[in-house]
Amino acid sequence: MSVPTLKQAPIQEHTRILGLGAFRPDVIVTNEDVCQWIDSSDEWIRQRTGIVTRHRAPAGVSVIDMAEGAAREAMDKAGIQASDLGAVIVSTVTHPYATPSAAAALADRLGATPAPAFDISAACAGYCYGIAQGDALVRSGAAKYVLVVGAEKLSDVIDNRERTISFLLGDGAGAVVIGPSETPGIAPSVWGSDGSKWDAIGMTRSMLDVRDLGMAARQSDSTGDLALLEEAQELYPTLRQDGQTVFRWAVWEMAKVAQQAMDAAGVQAEDLVAFIPHQANMRIIDEMVKKLKLPETVTVARDIADAGNTSAASIPLATHRLLAEKPELSGGLALQIGFGAGLVFGAQVVVLP
């Protein structure tokens with residue numbers, strides 16, 4: 001039997017980040033505000049985390065609203081229209097619907113339909129996962145331009161009275177457009193997971209637990225079971241973490257991943273102009289800088305002081321601030337690494353837009 005020769009998409013040799021955008025909510029929450037809910041102090045929070053303030057979105061601002069704000073700036077800076085997008089990728093763990101995806105809603109708002117659109121659930125590594133996928137889509141010829149967004153409304157999934165993670169978290173969104181380039185702009189990604197520590201960061205209960213407790217509460221409404229009714233009022237899953245496990249894993253293992261990303265890119269620490277890690281904790285950032293032996297010529301992103309930990313949004317938000325404060329870094333090499341719940345991780349060296 002004669003089999004016709006199939007056509008395949010033309011390969012694009014090089015890619016780069018063409019445009020970057022950010023959205024930061026207007027509400028600023030200070031450490032003093034946080035200490036209304038937990039027994040702590042501004043001094044303790046600063047010493048342990050480096051956080052001074054965090055941005056949080058009001059009730060009327062959604063994950064998609066923030067993603068749209070960041071996406072429009074990124075497209076404007078890249079000089080493209082929504083109709084040019086070949087794919088829309090949103091990394092988030094706080095979109096309140098399992099389906100439809102945040103990406104599909106965002107694509108519709110932007111006018112990118114019928115571009116394929118999908119969400120990534122990789123928490124704090126999600127942006128780097130998105131970069132890896134966007135790079136692959138463009139180089140494979142599946143898309144000419146890809147929008148990658150990290151957007152989180154973590155204030156929706158915390159219990160303000162809980163002290164393992166709630167005081168760390170903020171809201172926001174960052175976005176980039178990935179497209180073709182005449183020279184290499186995105187090095188090979190180093191990414192993976194360690195499922196043995198799956199429960200180190202996660203939700204207090206599953207949605208099936210919520211369903212079962214809700215059914216029990218409805219039944220108790222007629223029987224006067226006040227304990228069940230009170231439990232039902234706190235059904236919503238919220239985040240918790242084992243801080244020590246996460247800290248040790250991030251410091252010891254992620255420095256190795258960061259070094260692997262530099263090796264994959266064929267560069268040395270002195271070739272970098274910036275190091276942009278996930279903004280999890282200032283002490284983790286400081287320890288990683290030491291282990292990587294980064295020279296003083298490398299600018300280290302420390303957006304966490306003002307923005308808190310914004311999970312998938314943290315790297316693009318930190319990059320956005322870095323370039324606003326030091327525009328001369330544009331065109332230089334930056335090492336970025338995300339790590340978090342799962343436990344998942346991703347890193348790559350990129351040319352700053």
# chains A, B, ... in the order shown; residues from 1 in each chain; ligands from 1
>>> residues_around(residues="A:Gln36", least_positions_apart="3", cutoff="12 Å", atoms="only C-alpha atoms", output="list in words")
Val29, Thr30, Asn31, Glu32, Asp33, Asp39, Ser40, Ser41, Asp42, Asn160, Arg161, Glu162, Arg163 and Phe167 of chain A
>>> write_last_selection(atoms="all heavy atoms", output="mmCIF file, in the first residue's frame")
data_model
loop_
_atom_site.group_PDB
_atom_site.id
_atom_site.type_symbol
_atom_site.label_atom_id
_atom_site.label_comp_id
_atom_site.auth_asym_id
_atom_site.auth_seq_id
_atom_site.Cartn_x
_atom_site.Cartn_y
_atom_site.Cartn_z
ATOM 1 N N VAL A 29 -1.585 44.966 51.779
ATOM 2 C CA VAL A 29 -1.748 44.393 53.119
ATOM 3 C C VAL A 29 -0.391 44.388 53.810
ATOM 4 O O VAL A 29 0.564 43.763 53.327
ATOM 5 C CB VAL A 29 -2.316 42.960 53.045
ATOM 6 C CG1 VAL A 29 -2.426 42.350 54.442
ATOM 7 C CG2 VAL A 29 -3.681 42.965 52.357
ATOM 8 N N THR A 30 -0.275 45.096 54.924
ATOM 9 C CA THR A 30 0.986 45.199 55.654
ATOM 10 C C THR A 30 1.128 44.052 56.649
ATOM 11 O O THR A 30 0.174 43.315 56.923
ATOM 12 C CB THR A 30 1.057 46.527 56.411
ATOM 13 O OG1 THR A 30 0.064 46.503 57.458
ATOM 14 C CG2 THR A 30 0.809 47.711 55.496
ATOM 15 N N ASN A 31 2.316 43.928 57.220
ATOM 16 C CA ASN A 31 2.516 42.926 58.269
ATOM 17 C C ASN A 31 1.660 43.231 59.488
ATOM 18 O O ASN A 31 1.180 42.317 60.171
ATOM 19 C CB ASN A 31 3.991 42.864 58.665
ATOM 20 C CG ASN A 31 4.843 42.226 57.582
ATOM 21 O OD1 ASN A 31 4.343 41.515 56.726
ATOM 22 N ND2 ASN A 31 6.144 42.489 57.636
ATOM 23 N N GLU A 32 1.482 44.511 59.773
ATOM 24 C CA GLU A 32 0.617 44.881 60.898
ATOM 25 C C GLU A 32 -0.815 44.416 60.649
ATOM 26 O O GLU A 32 -1.502 43.958 61.573
ATOM 27 C CB GLU A 32 0.638 46.397 61.111
ATOM 28 C CG GLU A 32 1.926 46.934 61.723
ATOM 29 C CD GLU A 32 3.028 47.124 60.688
ATOM 30 O OE1 GLU A 32 2.789 46.882 59.483
ATOM 31 O OE2 GLU A 32 4.142 47.522 61.090
ATOM 32 N N ASP A 33 -1.273 44.513 59.398
ATOM 33 C CA ASP A 33 -2.614 44.020 59.063
ATOM 34 C C ASP A 33 -2.703 42.521 59.309
ATOM 35 O O ASP A 33 -3.679 42.023 59.883
ATOM 36 C CB ASP A 33 -2.933 44.306 57.595
ATOM 37 C CG ASP A 33 -3.042 45.785 57.282
ATOM 38 O OD1 ASP A 33 -3.427 46.551 58.186
ATOM 39 O OD2 ASP A 33 -2.734 46.181 56.138
ATOM 40 N N ASP A 39 -0.906 35.447 65.753
ATOM 41 C CA ASP A 39 -0.074 35.932 66.851
ATOM 42 C C ASP A 39 1.358 36.042 66.347
ATOM 43 O O ASP A 39 2.138 35.093 66.405
ATOM 44 C CB ASP A 39 -0.157 34.958 68.029
ATOM 45 C CG ASP A 39 0.659 35.435 69.221
ATOM 46 O OD1 ASP A 39 1.021 36.631 69.244
ATOM 47 O OD2 ASP A 39 0.941 34.613 70.111
ATOM 48 N N SER A 40 1.704 37.222 65.826
ATOM 49 C CA SER A 40 3.029 37.431 65.262
ATOM 50 C C SER A 40 3.368 38.908 65.351
ATOM 51 O O SER A 40 2.690 39.670 66.036
ATOM 52 C CB SER A 40 3.077 36.936 63.810
ATOM 53 O OG SER A 40 4.397 36.946 63.320
ATOM 54 N N SER A 41 4.434 39.308 64.657
ATOM 55 C CA SER A 41 4.834 40.708 64.665
ATOM 56 C C SER A 41 5.475 41.053 63.328
ATOM 57 O O SER A 41 5.931 40.167 62.595
ATOM 58 C CB SER A 41 5.840 40.974 65.792
ATOM 59 O OG SER A 41 7.064 40.302 65.529
ATOM 60 N N ASP A 42 5.525 42.331 63.044
ATOM 61 C CA ASP A 42 6.183 42.797 61.822
ATOM 62 C C ASP A 42 7.642 42.347 61.803
ATOM 63 O O ASP A 42 8.154 41.879 60.782
ATOM 64 C CB ASP A 42 6.088 44.326 61.751
ATOM 65 C CG ASP A 42 6.903 44.913 60.614
ATOM 66 O OD1 ASP A 42 6.601 44.610 59.451
ATOM 67 O OD2 ASP A 42 7.860 45.666 60.891
ATOM 68 N N ASN A 160 -6.893 33.276 57.023
ATOM 69 C CA ASN A 160 -6.035 34.313 57.581
ATOM 70 C C ASN A 160 -5.539 34.004 58.993
ATOM 71 O O ASN A 160 -4.545 34.573 59.447
ATOM 72 C CB ASN A 160 -6.758 35.660 57.589
ATOM 73 C CG ASN A 160 -6.810 36.297 56.211
ATOM 74 O OD1 ASN A 160 -5.851 36.230 55.455
ATOM 75 N ND2 ASN A 160 -7.936 36.904 55.879
ATOM 76 N N ARG A 161 -6.208 33.079 59.684
ATOM 77 C CA ARG A 161 -5.815 32.740 61.055
ATOM 78 C C ARG A 161 -4.721 31.679 61.093
ATOM 79 O O ARG A 161 -4.157 31.407 62.154
ATOM 80 C CB ARG A 161 -7.040 32.232 61.823
ATOM 81 C CG ARG A 161 -8.190 33.241 61.895
ATOM 82 C CD ARG A 161 -9.480 32.553 62.291
ATOM 83 N NE ARG A 161 -9.846 31.537 61.302
ATOM 84 C CZ ARG A 161 -10.913 30.741 61.417
ATOM 85 N NH1 ARG A 161 -11.683 30.821 62.480
ATOM 86 N NH2 ARG A 161 -11.182 29.854 60.472
ATOM 87 N N GLU A 162 -4.423 31.093 59.945
ATOM 88 C CA GLU A 162 -3.459 29.992 59.842
ATOM 89 C C GLU A 162 -2.061 30.564 59.647
ATOM 90 O O GLU A 162 -1.880 31.490 58.873
ATOM 91 C CB GLU A 162 -3.890 29.100 58.660
ATOM 92 C CG GLU A 162 -3.089 27.839 58.479
ATOM 93 C CD GLU A 162 -1.792 28.094 57.749
ATOM 94 O OE1 GLU A 162 -1.752 28.970 56.853
ATOM 95 O OE2 GLU A 162 -0.803 27.434 58.092
ATOM 96 N N ARG A 163 -1.037 30.028 60.319
ATOM 97 C CA ARG A 163 0.262 30.690 60.319
ATOM 98 C C ARG A 163 1.378 29.917 59.626
ATOM 99 O O ARG A 163 2.546 30.298 59.739
ATOM 100 C CB ARG A 163 0.690 31.076 61.719
ATOM 101 C CG ARG A 163 0.774 29.990 62.735
ATOM 102 C CD ARG A 163 1.244 30.547 64.080
ATOM 103 N NE ARG A 163 2.576 31.117 64.008
ATOM 104 C CZ ARG A 163 2.908 32.322 64.484
ATOM 105 N NH1 ARG A 163 2.011 33.090 65.059
ATOM 106 N NH2 ARG A 163 4.143 32.768 64.395
ATOM 107 N N PHE A 167 0.230 34.176 55.772
ATOM 108 C CA PHE A 167 0.843 35.514 55.843
ATOM 109 C C PHE A 167 1.857 35.759 54.733
ATOM 110 O O PHE A 167 2.274 36.884 54.501
ATOM 111 C CB PHE A 167 1.507 35.715 57.213
ATOM 112 C CG PHE A 167 2.654 34.779 57.470
ATOM 113 C CD1 PHE A 167 3.952 35.183 57.213
ATOM 114 C CD2 PHE A 167 2.435 33.505 57.968
ATOM 115 C CE1 PHE A 167 5.018 34.330 57.452
ATOM 116 C CE2 PHE A 167 3.498 32.649 58.217
ATOM 117 C CZ PHE A 167 4.790 33.056 57.949
#
>>> residues_around(residues="A:Arg48", least_positions_apart="5", cutoff="8 Å", atoms="only C-alpha atoms", output="PDB file with all heavy atoms, in the first residue's frame")
ATOM      1  N   ASN A 281      10.490  33.034  49.651  1.00  0.00           N
ATOM      2  CA  ASN A 281      10.969  33.421  50.965  1.00  0.00           C
ATOM      3  C   ASN A 281      12.347  34.054  50.757  1.00  0.00           C
ATOM      4  O   ASN A 281      13.179  33.493  50.035  1.00  0.00           O
ATOM      5  CB  ASN A 281      11.066  32.167  51.850  1.00  0.00           C
ATOM      6  CG  ASN A 281      11.540  32.460  53.250  1.00  0.00           C
ATOM      7  OD1 ASN A 281      12.592  33.050  53.449  1.00  0.00           O
ATOM      8  ND2 ASN A 281      10.775  32.016  54.234  1.00  0.00           N
ATOM      9  N   MET A 282      12.601  35.189  51.369  1.00  0.00           N
ATOM     10  CA  MET A 282      13.878  35.881  51.149  1.00  0.00           C
ATOM     11  C   MET A 282      15.062  35.041  51.610  1.00  0.00           C
ATOM     12  O   MET A 282      16.138  35.070  51.003  1.00  0.00           O
ATOM     13  CB  MET A 282      13.882  37.221  51.884  1.00  0.00           C
ATOM     14  CG  MET A 282      14.987  38.153  51.437  1.00  0.00           C
ATOM     15  SD  MET A 282      14.655  38.864  49.802  1.00  0.00           S
ATOM     16  CE  MET A 282      13.537  40.210  50.248  1.00  0.00           C
ATOM     17  N   ARG A 283      14.871  34.259  52.674  1.00  0.00           N
ATOM     18  CA  ARG A 283      15.981  33.431  53.165  1.00  0.00           C
ATOM     19  C   ARG A 283      16.326  32.331  52.162  1.00  0.00           C
ATOM     20  O   ARG A 283      17.501  31.991  51.988  1.00  0.00           O
ATOM     21  CB  ARG A 283      15.617  32.818  54.514  1.00  0.00           C
ATOM     22  CG  ARG A 283      15.535  33.838  55.647  1.00  0.00           C
ATOM     23  CD  ARG A 283      15.528  33.148  56.995  1.00  0.00           C
ATOM     24  NE  ARG A 283      14.416  32.204  57.102  1.00  0.00           N
ATOM     25  CZ  ARG A 283      14.423  31.133  57.883  1.00  0.00           C
ATOM     26  NH1 ARG A 283      15.483  30.839  58.607  1.00  0.00           N
ATOM     27  NH2 ARG A 283      13.362  30.349  57.947  1.00  0.00           N
TER      28      ARG A 283
END
>>> select_by_dssp(residues="stretch 39-144 of chain A", states="strand (DSSP E or B)", output="ChimeraX atom specification")
/A:53-56,85-91,117-120
>>> write_last_selection(atoms="N, CA and C atoms", output="PDB file, in the first residue's frame")
ATOM      1  N   THR A  53       5.134  43.921  52.721  1.00  0.00           N
ATOM      2  CA  THR A  53       3.732  44.070  52.292  1.00  0.00           C
ATOM      3  C   THR A  53       3.417  42.997  51.260  1.00  0.00           C
ATOM      4  N   ARG A  54       2.135  42.843  50.958  1.00  0.00           N
ATOM      5  CA  ARG A  54       1.700  41.987  49.855  1.00  0.00           C
ATOM      6  C   ARG A  54       0.458  42.618  49.235  1.00  0.00           C
ATOM      7  N   HIS A  55       0.292  42.431  47.907  1.00  0.00           N
ATOM      8  CA  HIS A  55      -0.878  42.943  47.200  1.00  0.00           C
ATOM      9  C   HIS A  55      -1.980  41.881  47.239  1.00  0.00           C
ATOM     10  N   ARG A  56      -3.204  42.321  47.463  1.00  0.00           N
ATOM     11  CA  ARG A  56      -4.339  41.392  47.408  1.00  0.00           C
ATOM     12  C   ARG A  56      -5.493  42.033  46.651  1.00  0.00           C
ATOM     13  N   LEU A  85      -2.094  35.335  18.134  1.00  0.00           N
ATOM     14  CA  LEU A  85      -1.722  34.294  19.082  1.00  0.00           C
ATOM     15  C   LEU A  85      -2.069  32.908  18.561  1.00  0.00           C
ATOM     16  N   GLY A  86      -1.105  32.002  18.658  1.00  0.00           N
ATOM     17  CA  GLY A  86      -1.336  30.619  18.262  1.00  0.00           C
ATOM     18  C   GLY A  86      -1.693  29.731  19.428  1.00  0.00           C
ATOM     19  N   ALA A  87      -1.552  30.237  20.660  1.00  0.00           N
ATOM     20  CA  ALA A  87      -1.936  29.493  21.859  1.00  0.00           C
ATOM     21  C   ALA A  87      -1.936  30.435  23.055  1.00  0.00           C
ATOM     22  N   VAL A  88      -2.813  30.122  24.010  1.00  0.00           N
ATOM     23  CA  VAL A  88      -2.898  30.874  25.267  1.00  0.00           C
ATOM     24  C   VAL A  88      -2.754  29.877  26.406  1.00  0.00           C
ATOM     25  N   ILE A  89      -1.740  30.095  27.257  1.00  0.00           N
ATOM     26  CA  ILE A  89      -1.472  29.200  28.387  1.00  0.00           C
ATOM     27  C   ILE A  89      -1.558  30.013  29.672  1.00  0.00           C
ATOM     28  N   VAL A  90      -2.382  29.554  30.613  1.00  0.00           N
ATOM     29  CA  VAL A  90      -2.488  30.219  31.916  1.00  0.00           C
ATOM     30  C   VAL A  90      -2.087  29.238  33.003  1.00  0.00           C
ATOM     31  N   SER A  91      -1.107  29.625  33.784  1.00  0.00           N
ATOM     32  CA  SER A  91      -0.721  28.828  34.943  1.00  0.00           C
ATOM     33  C   SER A  91      -1.387  29.424  36.175  1.00  0.00           C
ATOM     34  N   ALA A 117      -6.355  27.002  24.002  1.00  0.00           N
ATOM     35  CA  ALA A 117      -6.129  27.626  25.306  1.00  0.00           C
ATOM     36  C   ALA A 117      -6.248  26.563  26.386  1.00  0.00           C
ATOM     37  N   PHE A 118      -5.290  26.563  27.304  1.00  0.00           N
ATOM     38  CA  PHE A 118      -5.344  25.567  28.383  1.00  0.00           C
ATOM     39  C   PHE A 118      -4.623  26.078  29.615  1.00  0.00           C
ATOM     40  N   ASP A 119      -5.001  25.517  30.772  1.00  0.00           N
ATOM     41  CA  ASP A 119      -4.404  25.883  32.051  1.00  0.00           C
ATOM     42  C   ASP A 119      -3.316  24.881  32.434  1.00  0.00           C
ATOM     43  N   ILE A 120      -2.374  25.355  33.243  1.00  0.00           N
ATOM     44  CA  ILE A 120      -1.352  24.512  33.849  1.00  0.00           C
ATOM     45  C   ILE A 120      -1.539  24.564  35.365  1.00  0.00           C
TER      46      ILE A 120
END
>>> closest_atom_pairs(of="stretch 127-162 of chain A", to="stretch 196-211 of chain A", cutoff="12 Å", atoms="only C-alpha atoms", output="tab-separated table")
residue	atom	partner	partner_atom	distance
A:Leu154	CA	A:Met203	CA	11.9
A:Val157	CA	A:Met203	CA	8.5
A:Ile158	CA	A:Met203	CA	9.3
A:Asp159	CA	A:Thr204	CA	10.3
A:Glu162	CA	A:Thr204	CA	11.2
>>> closest_residue(among="A:Pro116, A:Gly21, A:Pro184, A:Pro100", to="A:Thr319", atoms="only C-alpha atoms")
A:Gly21
>>> decode(residues="stretch 313-344 of chain A", atoms="N, CA, C and O atoms", output="PDB file, in the first residue's frame")
ATOM      1  N   ALA A 313       2.584  33.597  39.533  1.00  0.00           N
ATOM      2  CA  ALA A 313       2.784  34.965  39.038  1.00  0.00           C
ATOM      3  C   ALA A 313       4.110  35.562  39.482  1.00  0.00           C
ATOM      4  O   ALA A 313       4.521  36.616  38.980  1.00  0.00           O
ATOM      5  N   SER A 314       4.815  34.905  40.403  1.00  0.00           N
ATOM      6  CA  SER A 314       5.928  35.593  41.068  1.00  0.00           C
ATOM      7  C   SER A 314       7.115  35.886  40.161  1.00  0.00           C
ATOM      8  O   SER A 314       7.709  36.963  40.250  1.00  0.00           O
ATOM      9  N   ILE A 315       7.493  34.968  39.281  1.00  0.00           N
ATOM     10  CA  ILE A 315       8.662  35.214  38.431  1.00  0.00           C
ATOM     11  C   ILE A 315       8.393  36.319  37.407  1.00  0.00           C
ATOM     12  O   ILE A 315       9.204  37.246  37.280  1.00  0.00           O
ATOM     13  N   PRO A 316       7.279  36.284  36.659  1.00  0.00           N
ATOM     14  CA  PRO A 316       7.055  37.392  35.722  1.00  0.00           C
ATOM     15  C   PRO A 316       6.848  38.737  36.427  1.00  0.00           C
ATOM     16  O   PRO A 316       7.289  39.770  35.919  1.00  0.00           O
ATOM     17  N   LEU A 317       6.210  38.736  37.603  1.00  0.00           N
ATOM     18  CA  LEU A 317       6.067  39.988  38.351  1.00  0.00           C
ATOM     19  C   LEU A 317       7.437  40.512  38.777  1.00  0.00           C
ATOM     20  O   LEU A 317       7.724  41.713  38.655  1.00  0.00           O
ATOM     21  N   ALA A 318       8.292  39.621  39.273  1.00  0.00           N
ATOM     22  CA  ALA A 318       9.629  40.031  39.703  1.00  0.00           C
ATOM     23  C   ALA A 318      10.460  40.517  38.521  1.00  0.00           C
ATOM     24  O   ALA A 318      11.233  41.480  38.639  1.00  0.00           O
ATOM     25  N   THR A 319      10.307  39.862  37.376  1.00  0.00           N
ATOM     26  CA  THR A 319      11.030  40.283  36.170  1.00  0.00           C
ATOM     27  C   THR A 319      10.572  41.665  35.726  1.00  0.00           C
ATOM     28  O   THR A 319      11.381  42.524  35.347  1.00  0.00           O
ATOM     29  N   HIS A 320       9.270  41.887  35.772  1.00  0.00           N
ATOM     30  CA  HIS A 320       8.680  43.163  35.376  1.00  0.00           C
ATOM     31  C   HIS A 320       9.251  44.294  36.232  1.00  0.00           C
ATOM     32  O   HIS A 320       9.648  45.355  35.719  1.00  0.00           O
ATOM     33  N   ARG A 321       9.305  44.086  37.547  1.00  0.00           N
ATOM     34  CA  ARG A 321       9.835  45.113  38.443  1.00  0.00           C
ATOM     35  C   ARG A 321      11.330  45.324  38.196  1.00  0.00           C
ATOM     36  O   ARG A 321      11.816  46.460  38.180  1.00  0.00           O
ATOM     37  N   LEU A 322      12.048  44.239  38.005  1.00  0.00           N
ATOM     38  CA  LEU A 322      13.490  44.331  37.782  1.00  0.00           C
ATOM     39  C   LEU A 322      13.805  45.198  36.564  1.00  0.00           C
ATOM     40  O   LEU A 322      14.682  46.064  36.600  1.00  0.00           O
ATOM     41  N   LEU A 323      13.071  44.973  35.469  1.00  0.00           N
ATOM     42  CA  LEU A 323      13.317  45.728  34.237  1.00  0.00           C
ATOM     43  C   LEU A 323      12.839  47.177  34.351  1.00  0.00           C
ATOM     44  O   LEU A 323      13.394  48.065  33.698  1.00  0.00           O
ATOM     45  N   ALA A 324      11.817  47.400  35.174  1.00  0.00           N
ATOM     46  CA  ALA A 324      11.368  48.783  35.399  1.00  0.00           C
ATOM     47  C   ALA A 324      12.424  49.568  36.170  1.00  0.00           C
ATOM     48  O   ALA A 324      12.662  50.754  35.903  1.00  0.00           O
ATOM     49  N   GLU A 325      13.074  48.891  37.130  1.00  0.00           N
ATOM     50  CA  GLU A 325      14.088  49.557  37.951  1.00  0.00           C
ATOM     51  C   GLU A 325      15.445  49.606  37.263  1.00  0.00           C
ATOM     52  O   GLU A 325      16.222  50.544  37.479  1.00  0.00           O
ATOM     53  N   LYS A 326      15.739  48.592  36.426  1.00  0.00           N
ATOM     54  CA  LYS A 326      17.038  48.515  35.751  1.00  0.00           C
ATOM     55  C   LYS A 326      16.838  48.143  34.282  1.00  0.00           C
ATOM     56  O   LYS A 326      17.125  47.020  33.868  1.00  0.00           O
ATOM     57  N   PRO A 327      16.336  49.077  33.476  1.00  0.00           N
ATOM     58  CA  PRO A 327      16.063  48.774  32.067  1.00  0.00           C
ATOM     59  C   PRO A 327      17.315  48.360  31.290  1.00  0.00           C
ATOM     60  O   PRO A 327      17.209  47.723  30.240  1.00  0.00           O
ATOM     61  N   GLU A 328      18.483  48.709  31.808  1.00  0.00           N
ATOM     62  CA  GLU A 328      19.727  48.349  31.123  1.00  0.00           C
ATOM     63  C   GLU A 328      19.964  46.833  31.116  1.00  0.00           C
ATOM     64  O   GLU A 328      20.807  46.331  30.358  1.00  0.00           O
ATOM     65  N   LEU A 329      19.195  46.082  31.925  1.00  0.00           N
ATOM     66  CA  LEU A 329      19.333  44.620  31.937  1.00  0.00           C
ATOM     67  C   LEU A 329      18.685  43.965  30.726  1.00  0.00           C
ATOM     68  O   LEU A 329      18.956  42.794  30.424  1.00  0.00           O
ATOM     69  N   SER A 330      17.825  44.702  30.041  1.00  0.00           N
ATOM     70  CA  SER A 330      17.148  44.169  28.852  1.00  0.00           C
ATOM     71  C   SER A 330      18.178  43.686  27.836  1.00  0.00           C
ATOM     72  O   SER A 330      19.155  44.371  27.541  1.00  0.00           O
ATOM     73  N   GLY A 331      17.958  42.490  27.309  1.00  0.00           N
ATOM     74  CA  GLY A 331      18.884  41.904  26.347  1.00  0.00           C
ATOM     75  C   GLY A 331      19.940  41.024  26.979  1.00  0.00           C
ATOM     76  O   GLY A 331      20.655  40.307  26.274  1.00  0.00           O
ATOM     77  N   GLY A 332      20.031  41.057  28.325  1.00  0.00           N
ATOM     78  CA  GLY A 332      20.988  40.214  29.036  1.00  0.00           C
ATOM     79  C   GLY A 332      20.382  38.871  29.395  1.00  0.00           C
ATOM     80  O   GLY A 332      19.188  38.631  29.211  1.00  0.00           O
ATOM     81  N   LEU A 333      21.216  37.991  29.939  1.00  0.00           N
ATOM     82  CA  LEU A 333      20.776  36.644  30.299  1.00  0.00           C
ATOM     83  C   LEU A 333      20.304  36.592  31.746  1.00  0.00           C
ATOM     84  O   LEU A 333      20.981  37.100  32.650  1.00  0.00           O
ATOM     85  N   ALA A 334      19.160  35.956  31.953  1.00  0.00           N
ATOM     86  CA  ALA A 334      18.619  35.783  33.300  1.00  0.00           C
ATOM     87  C   ALA A 334      18.348  34.307  33.554  1.00  0.00           C
ATOM     88  O   ALA A 334      17.813  33.606  32.691  1.00  0.00           O
ATOM     89  N   LEU A 335      18.711  33.851  34.727  1.00  0.00           N
ATOM     90  CA  LEU A 335      18.372  32.505  35.184  1.00  0.00           C
ATOM     91  C   LEU A 335      17.106  32.605  36.011  1.00  0.00           C
ATOM     92  O   LEU A 335      17.051  33.359  36.981  1.00  0.00           O
ATOM     93  N   GLN A 336      16.063  31.855  35.613  1.00  0.00           N
ATOM     94  CA  GLN A 336      14.821  31.863  36.371  1.00  0.00           C
ATOM     95  C   GLN A 336      14.489  30.434  36.796  1.00  0.00           C
ATOM     96  O   GLN A 336      14.727  29.478  36.064  1.00  0.00           O
ATOM     97  N   ILE A 337      13.948  30.320  38.012  1.00  0.00           N
ATOM     98  CA  ILE A 337      13.596  29.001  38.527  1.00  0.00           C
ATOM     99  C   ILE A 337      12.352  29.091  39.395  1.00  0.00           C
ATOM    100  O   ILE A 337      12.238  29.984  40.242  1.00  0.00           O
ATOM    101  N   GLY A 338      11.414  28.199  39.158  1.00  0.00           N
ATOM    102  CA  GLY A 338      10.200  28.108  39.955  1.00  0.00           C
ATOM    103  C   GLY A 338      10.141  26.765  40.656  1.00  0.00           C
ATOM    104  O   GLY A 338      10.558  25.749  40.103  1.00  0.00           O
ATOM    105  N   PHE A 339       9.597  26.748  41.877  1.00  0.00           N
ATOM    106  CA  PHE A 339       9.504  25.503  42.637  1.00  0.00           C
ATOM    107  C   PHE A 339       8.385  25.629  43.656  1.00  0.00           C
ATOM    108  O   PHE A 339       8.149  26.686  44.218  1.00  0.00           O
ATOM    109  N   GLY A 340       7.672  24.527  43.884  1.00  0.00           N
ATOM    110  CA  GLY A 340       6.592  24.602  44.859  1.00  0.00           C
ATOM    111  C   GLY A 340       5.749  23.356  44.917  1.00  0.00           C
ATOM    112  O   GLY A 340       6.239  22.246  44.684  1.00  0.00           O
ATOM    113  N   ALA A 341       4.464  23.553  45.240  1.00  0.00           N
ATOM    114  CA  ALA A 341       3.554  22.448  45.552  1.00  0.00           C
ATOM    115  C   ALA A 341       3.608  21.366  44.497  1.00  0.00           C
ATOM    116  O   ALA A 341       3.579  21.624  43.309  1.00  0.00           O
ATOM    117  N   GLY A 342       3.702  20.159  44.992  1.00  0.00           N
ATOM    118  CA  GLY A 342       3.687  19.022  44.049  1.00  0.00           C
ATOM    119  C   GLY A 342       4.571  17.853  44.417  1.00  0.00           C
ATOM    120  O   GLY A 342       4.108  16.752  44.472  1.00  0.00           O
ATOM    121  N   LEU A 343       5.788  18.020  44.757  1.00  0.00           N
ATOM    122  CA  LEU A 343       6.612  19.227  44.585  1.00  0.00           C
ATOM    123  C   LEU A 343       7.140  19.259  43.162  1.00  0.00           C
ATOM    124  O   LEU A 343       7.677  18.252  42.682  1.00  0.00           O
ATOM    125  N   VAL A 344       6.993  20.377  42.483  1.00  0.00           N
ATOM    126  CA  VAL A 344       7.377  20.500  41.085  1.00  0.00           C
ATOM    127  C   VAL A 344       8.388  21.622  40.924  1.00  0.00           C
ATOM    128  O   VAL A 344       8.474  22.525  41.747  1.00  0.00           O
TER     129      VAL A 344
END
